[in-house]
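Student: Okay, so here is data_24.csv, and as you'll see once you scroll down, it has CSV, C-alpha atoms.
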```csv
chain,number,residue,atom,x,y,z
A,249,MET,CA,0.0,0.0,0.0
A,250,ASP,CA,1.2,3.5,-0.8
A,251,LEU,CA,3.3,5.0,2.0
A,252,MET,CA,1.2,8.2,2.1
A,253,ILE,CA,-2.0,6.3,2.7
A,254,LYS,CA,-0.4,4.1,5.3
A,255,GLU,CA,0.9,7.2,7.2
A,256,SER,CA,-2.5,8.9,7.0
A,257,VAL,CA,-4.3,5.8,8.3
A,258,ALA,CA,-1.7,5.6,11.1
A,259,THR,CA,-2.2,9.3,11.9
A,260,LEU,CA,-5.9,8.8,12.0
A,261,PHE,CA,-5.6,6.0,14.5
A,262,CYS,CA,-3.0,7.9,16.6
A,263,TYR,CA,-5.2,11.0,16.6
A,264,ALA,CA,-8.0,8.9,18.2
A,265,ILE,CA,-5.5,7.5,20.7
A,266,LYS,CA,-4.3,11.0,21.6
A,267,LEU,CA,-7.9,12.4,21.7
A,268,GLU,CA,-8.7,10.1,24.5
A,269,GLY,CA,-5.4,10.3,26.3
A,270,LYS,CA,-5.0,6.5,26.1
A,271,ASP,CA,-1.9,4.6,27.3
A,272,ILE,CA,0.2,4.0,24.2
A,273,LYS,CA,1.6,0.7,25.7
A,274,VAL,CA,-1.9,-0.7,25.9
A,275,GLU,CA,-2.9,0.5,22.4
A,276,LYS,CA,0.3,-0.6,20.7
A,277,PRO,CA,-0.7,-4.3,20.1
A,278,LEU,CA,-4.1,-3.3,18.7
A,279,PHE,CA,-2.5,-0.6,16.4
A,280,VAL,CA,0.2,-3.1,15.2
A,281,ARG,CA,-2.5,-5.7,14.5
A,282,PHE,CA,-4.6,-3.3,12.5
A,283,MET,CA,-1.7,-1.9,10.5
A,284,SER,CA,-0.4,-5.4,9.7
A,285,GLN,CA,-3.8,-6.9,8.9
A,286,ASP,CA,-5.1,-4.3,6.5
A,287,PHE,CA,-2.1,-2.1,5.5
A,288,ASP,CA,0.6,-4.6,4.8
A,289,CYS,CA,2.9,-3.4,7.7
A,290,GLU,CA,5.5,-5.6,9.3
A,291,ALA,CA,5.1,-5.5,13.1
A,292,ARG,CA,8.4,-3.5,13.6
A,293,GLU,CA,7.4,-1.0,10.9
A,294,ALA,CA,4.0,-0.5,12.5
A,295,GLU,CA,5.6,0.0,16.0
A,296,GLU,CA,8.1,2.6,14.5
A,297,LEU,CA,5.3,4.3,12.7
A,298,LEU,CA,3.2,4.5,15.9
A,299,GLU,CA,6.1,6.0,17.9
A,300,GLU,CA,7.0,8.5,15.1
A,301,ILE,CA,3.4,9.7,14.7
A,302,MET,CA,2.7,9.9,18.4
A,303,GLU,CA,5.6,12.2,18.9
A,304,LYS,CA,4.4,14.6,16.1
A,305,GLU,CA,1.8,17.3,16.6
A,306,VAL,CA,-1.0,16.5,14.1
A,307,ASP,CA,-1.4,19.9,12.4
A,308,ASN,CA,-4.4,19.1,10.2
A,309,ILE,CA,-6.2,15.8,10.6
A,310,ASP,CA,-8.6,16.8,7.8
A,311,THR,CA,-5.8,16.5,5.3
A,312,HIS,CA,-5.1,12.9,6.4
A,313,ILE,CA,-8.8,12.1,6.3
A,314,SER,CA,-9.0,13.5,2.8
A,315,ILE,CA,-6.0,11.6,1.6
A,316,ILE,CA,-7.5,8.3,2.8
A,317,SER,CA,-11.0,9.2,1.4
A,318,ASN,CA,-9.6,10.1,-2.0
A,319,ALA,CA,-7.1,7.2,-2.2
A,320,LEU,CA,-9.9,4.7,-1.4
A,321,TYR,CA,-12.6,6.4,-3.4
A,322,ASN,CA,-13.8,3.2,-5.1
A,323,GLU,CA,-13.0,0.9,-2.2
A,324,PRO,CA,-16.0,1.1,0.2
A,325,TYR,CA,-15.0,-2.1,2.0
A,326,SER,CA,-11.6,-0.7,2.8
A,327,LYS,CA,-13.1,2.5,4.1
A,328,MET,CA,-15.6,0.5,6.2
A,329,SER,CA,-12.7,-1.5,7.6
A,330,ILE,CA,-10.9,1.7,8.7
A,331,LEU,CA,-14.1,3.0,10.3
A,332,LYS,CA,-14.6,-0.4,12.1
A,333,GLN,CA,-11.0,-0.2,13.4
A,334,LEU,CA,-11.3,3.4,14.4
A,335,ASN,CA,-14.6,2.7,16.2
A,336,HIS,CA,-12.8,-0.2,18.0
A,337,LEU,CA,-10.0,2.1,19.2
A,338,ILE,CA,-12.5,4.7,20.3
A,339,PHE,CA,-14.8,2.2,22.0
A,340,ARG,CA,-12.0,0.8,24.1
A,341,GLY,CA,-11.8,4.1,26.1
A,342,LYS,CA,-14.1,6.5,27.8
A,343,ILE,CA,-16.3,7.8,25.1
A,344,GLY,CA,-17.1,11.5,24.9
A,345,ASP,CA,-18.7,14.0,22.5
A,346,GLU,CA,-15.3,14.6,20.9
A,347,ASP,CA,-15.0,11.0,20.0
A,348,TYR,CA,-18.5,10.9,18.4
A,349,ASP,CA,-17.7,14.1,16.5
A,350,PHE,CA,-14.4,12.8,15.3
A,351,PHE,CA,-15.9,9.5,14.1
A,352,ASP,CA,-18.8,11.3,12.4
A,353,LYS,CA,-16.3,13.6,10.6
A,354,VAL,CA,-14.4,10.6,9.2
A,355,LYS,CA,-17.5,8.8,8.3
A,356,LYS,CA,-19.0,11.8,6.4
A,357,SER,CA,-15.7,12.4,4.6
A,358,PHE,CA,-15.6,8.7,3.5
A,359,PHE,CA,-19.2,8.3,2.4
A,360,GLU,CA,-21.0,11.6,2.0
A,361,ARG,CA,-21.7,12.3,-1.7
A,362,LYS,CA,-20.7,15.8,-2.8
A,363,ARG,CA,-23.3,17.6,-4.8
A,364,ALA,CA,-22.4,19.4,-8.0
```
Rewrite the structure from the file as structure tokens, please.
Tutor:
Amino acid sequence: MDLMIKESVATLFCYAIKLEGKDIKVEKPLFVRFMSQDFDCEAREAEELLEEIMEKEVDNIDTHISIISNALYNEPYSKMSILKQLNHLIFRGKIGDEDYDFFDKVKKSFFERKRA
């Protein structure tokens, strides 16, 4: 899978982890499994990606959402898989309004039809 998409998906997941202030050590196995299962990452590559992205300040999550949405435009099952995994990450923690808003934002970007 294209490196840009892989990084954007990882950023999306890391953003959800940061949003909830989760313990990265607890979330690492889940993140690694998601990235290796659907995004062709070796375990070590996924761990390095997680550590790298968690250290960065996400300047514009909308850009990453857009990259994923555009790259997977004709792949609704891939987008559903990402939403399922994102929901799983969010659901594992204390769920608040920010979590719902973030999930809805991603869902709308992935599936809302733009009118001409």
Student: With only C-alpha atoms counted and 9 Å as the cut-off, give the residues of range 277-334 of chain A in contact with range 354-359 of chain A, each with its shortest interatomic distance in Å and the pair that gives it, as JSON lines.
Tutor:
```
{"residue": "A:Asp310", "atom": "CA", "partner": "A:Val354", "partner_atom": "CA", "distance": 8.6}
{"residue": "A:Ile313", "atom": "CA", "partner": "A:Val354", "partner_atom": "CA", "distance": 6.5}
{"residue": "A:Ser314", "atom": "CA", "partner": "A:Ser357", "partner_atom": "CA", "distance": 7.0}
{"residue": "A:Ile316", "atom": "CA", "partner": "A:Phe358", "partner_atom": "CA", "distance": 8.1}
{"residue": "A:Ser317", "atom": "CA", "partner": "A:Phe358", "partner_atom": "CA", "distance": 5.1}
{"residue": "A:Asn318", "atom": "CA", "partner": "A:Phe358", "partner_atom": "CA", "distance": 8.3}
{"residue": "A:Leu320", "atom": "CA", "partner": "A:Phe358", "partner_atom": "CA", "distance": 8.5}
{"residue": "A:Tyr321", "atom": "CA", "partner": "A:Phe358", "partner_atom": "CA", "distance": 7.9}
{"residue": "A:Pro324", "atom": "CA", "partner": "A:Phe359", "partner_atom": "CA", "distance": 8.2}
{"residue": "A:Lys327", "atom": "CA", "partner": "A:Phe358", "partner_atom": "CA", "distance": 6.7}
{"residue": "A:Met328", "atom": "CA", "partner": "A:Phe358", "partner_atom": "CA", "distance": 8.6}
{"residue": "A:Leu331", "atom": "CA", "partner": "A:Lys355", "partner_atom": "CA", "distance": 7.0}
```
Student: In Å, how far is it from CA of Ala319 in chain A to CA of Asp286 in chain A?
Tutor: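 Straight-line distance from CA of Ala319 in chain A to CA of Asp286 in chain A works out to 14.6 Å.
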Student: Which residues come within 9 Å of range 287-302 of chain A, counting all atoms listed in the file, excluding same-chain residues fewer than 5 positions away, as JSON, numbers by chain?
Tutor: {"A": [249, 253, 254, 255, 257, 258, 259, 262, 263, 265, 266, 272, 276, 277, 279, 280, 281, 282]}
Student: Can you work out which one of A:Met283, A:Leu260, A:Ile343, A:Ile338 has the shortest atom-to-atom distance to His312 in chain A, counting only C-alpha atoms?
Tutor: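 For His312 in chain A, the nearest of the candidates is A:Leu260.
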Student: Edge lengths and centre in Å to one decimal, as lines of an AutoDock Vina configuration file, of the axis-aligned box that encloses all listed atoms of range 314-327 of chain A with 8 Å added on every side?
Tutor:
```
center_x = -11.0
center_y = 5.7
center_z = -0.5
size_x = 26.0
size_y = 31.6
size_z = 25.2
```
Student: Quick one, how far is CA of Ala264 in chain A from CA of Leu337 in chain A?
Tutor: 7.2 Å
Student: Can I get a file of range 249-360 of chain A from the given structure, C-alpha atoms kept, as a compact mmCIF listing (two decimals), in the first residue's frame?
Tutor:
```txt
# COMPACT_ATOMS: atom_id res chain seq x y z
CA MET A 249 0.00 0.00 0.00
CA ASP A 250 1.17 3.49 -0.77
CA LEU A 251 3.29 5.00 2.01
CA MET A 252 1.23 8.21 2.11
CA ILE A 253 -2.01 6.30 2.69
CA LYS A 254 -0.36 4.11 5.31
CA GLU A 255 0.92 7.17 7.17
CA SER A 256 -2.45 8.88 6.96
CA VAL A 257 -4.27 5.83 8.32
CA ALA A 258 -1.71 5.56 11.12
CA THR A 259 -2.16 9.28 11.85
CA LEU A 260 -5.93 8.81 11.99
CA PHE A 261 -5.58 6.02 14.54
CA CYS A 262 -2.97 7.93 16.56
CA TYR A 263 -5.20 10.99 16.60
CA ALA A 264 -7.97 8.87 18.17
CA ILE A 265 -5.50 7.53 20.72
CA LYS A 266 -4.33 11.05 21.58
CA LEU A 267 -7.87 12.42 21.66
CA GLU A 268 -8.71 10.09 24.50
CA GLY A 269 -5.36 10.30 26.27
CA LYS A 270 -4.96 6.54 26.09
CA ASP A 271 -1.92 4.63 27.29
CA ILE A 272 0.20 3.99 24.21
CA LYS A 273 1.59 0.75 25.67
CA VAL A 274 -1.92 -0.67 25.95
CA GLU A 275 -2.92 0.45 22.45
CA LYS A 276 0.28 -0.62 20.67
CA PRO A 277 -0.67 -4.30 20.10
CA LEU A 278 -4.05 -3.30 18.66
CA PHE A 279 -2.49 -0.65 16.43
CA VAL A 280 0.17 -3.08 15.18
CA ARG A 281 -2.46 -5.72 14.46
CA PHE A 282 -4.64 -3.26 12.51
CA MET A 283 -1.74 -1.94 10.48
CA SER A 284 -0.37 -5.39 9.67
CA GLN A 285 -3.76 -6.91 8.93
CA ASP A 286 -5.06 -4.32 6.48
CA PHE A 287 -2.15 -2.12 5.54
CA ASP A 288 0.65 -4.56 4.84
CA CYS A 289 2.94 -3.37 7.66
CA GLU A 290 5.45 -5.60 9.34
CA ALA A 291 5.13 -5.48 13.14
CA ARG A 292 8.37 -3.52 13.59
CA GLU A 293 7.39 -1.04 10.87
CA ALA A 294 4.00 -0.49 12.55
CA GLU A 295 5.63 0.04 15.95
CA GLU A 296 8.08 2.58 14.50
CA LEU A 297 5.26 4.34 12.67
CA LEU A 298 3.22 4.51 15.88
CA GLU A 299 6.11 5.96 17.88
CA GLU A 300 6.99 8.46 15.15
CA ILE A 301 3.44 9.73 14.71
CA MET A 302 2.66 9.86 18.42
CA GLU A 303 5.63 12.21 18.87
CA LYS A 304 4.41 14.56 16.14
CA GLU A 305 1.83 17.26 16.59
CA VAL A 306 -0.98 16.54 14.11
CA ASP A 307 -1.39 19.88 12.41
CA ASN A 308 -4.37 19.09 10.20
CA ILE A 309 -6.21 15.81 10.63
CA ASP A 310 -8.60 16.84 7.85
CA THR A 311 -5.76 16.51 5.34
CA HIS A 312 -5.13 12.92 6.40
CA ILE A 313 -8.83 12.08 6.31
CA SER A 314 -9.01 13.53 2.80
CA ILE A 315 -5.96 11.56 1.62
CA ILE A 316 -7.53 8.31 2.80
CA SER A 317 -10.95 9.15 1.40
CA ASN A 318 -9.55 10.08 -2.01
CA ALA A 319 -7.13 7.16 -2.22
CA LEU A 320 -9.87 4.68 -1.37
CA TYR A 321 -12.60 6.42 -3.35
CA ASN A 322 -13.76 3.23 -5.09
CA GLU A 323 -13.03 0.91 -2.18
CA PRO A 324 -15.99 1.14 0.21
CA TYR A 325 -15.00 -2.07 2.02
CA SER A 326 -11.55 -0.68 2.80
CA LYS A 327 -13.11 2.51 4.14
CA MET A 328 -15.57 0.48 6.22
CA SER A 329 -12.67 -1.53 7.61
CA ILE A 330 -10.90 1.67 8.67
CA LEU A 331 -14.09 2.95 10.31
CA LYS A 332 -14.56 -0.36 12.10
CA GLN A 333 -11.00 -0.23 13.43
CA LEU A 334 -11.32 3.42 14.38
CA ASN A 335 -14.55 2.66 16.22
CA HIS A 336 -12.83 -0.20 18.03
CA LEU A 337 -10.04 2.12 19.18
CA ILE A 338 -12.52 4.74 20.35
CA PHE A 339 -14.81 2.21 22.02
CA ARG A 340 -11.99 0.81 24.15
CA GLY A 341 -11.80 4.05 26.08
CA LYS A 342 -14.08 6.46 27.82
CA ILE A 343 -16.32 7.77 25.05
CA GLY A 344 -17.12 11.48 24.94
CA ASP A 345 -18.65 13.97 22.55
CA GLU A 346 -15.28 14.64 20.92
CA ASP A 347 -15.02 10.96 20.05
CA TYR A 348 -18.46 10.90 18.44
CA ASP A 349 -17.73 14.10 16.54
CA PHE A 350 -14.41 12.78 15.27
CA PHE A 351 -15.90 9.46 14.14
CA ASP A 352 -18.77 11.27 12.37
CA LYS A 353 -16.33 13.58 10.64
CA VAL A 354 -14.37 10.65 9.25
CA LYS A 355 -17.53 8.75 8.26
CA LYS A 356 -18.96 11.76 6.42
CA SER A 357 -15.70 12.36 4.60
CA PHE A 358 -15.56 8.74 3.50
CA PHE A 359 -19.17 8.29 2.40
CA GLU A 360 -21.02 11.57 1.98
```
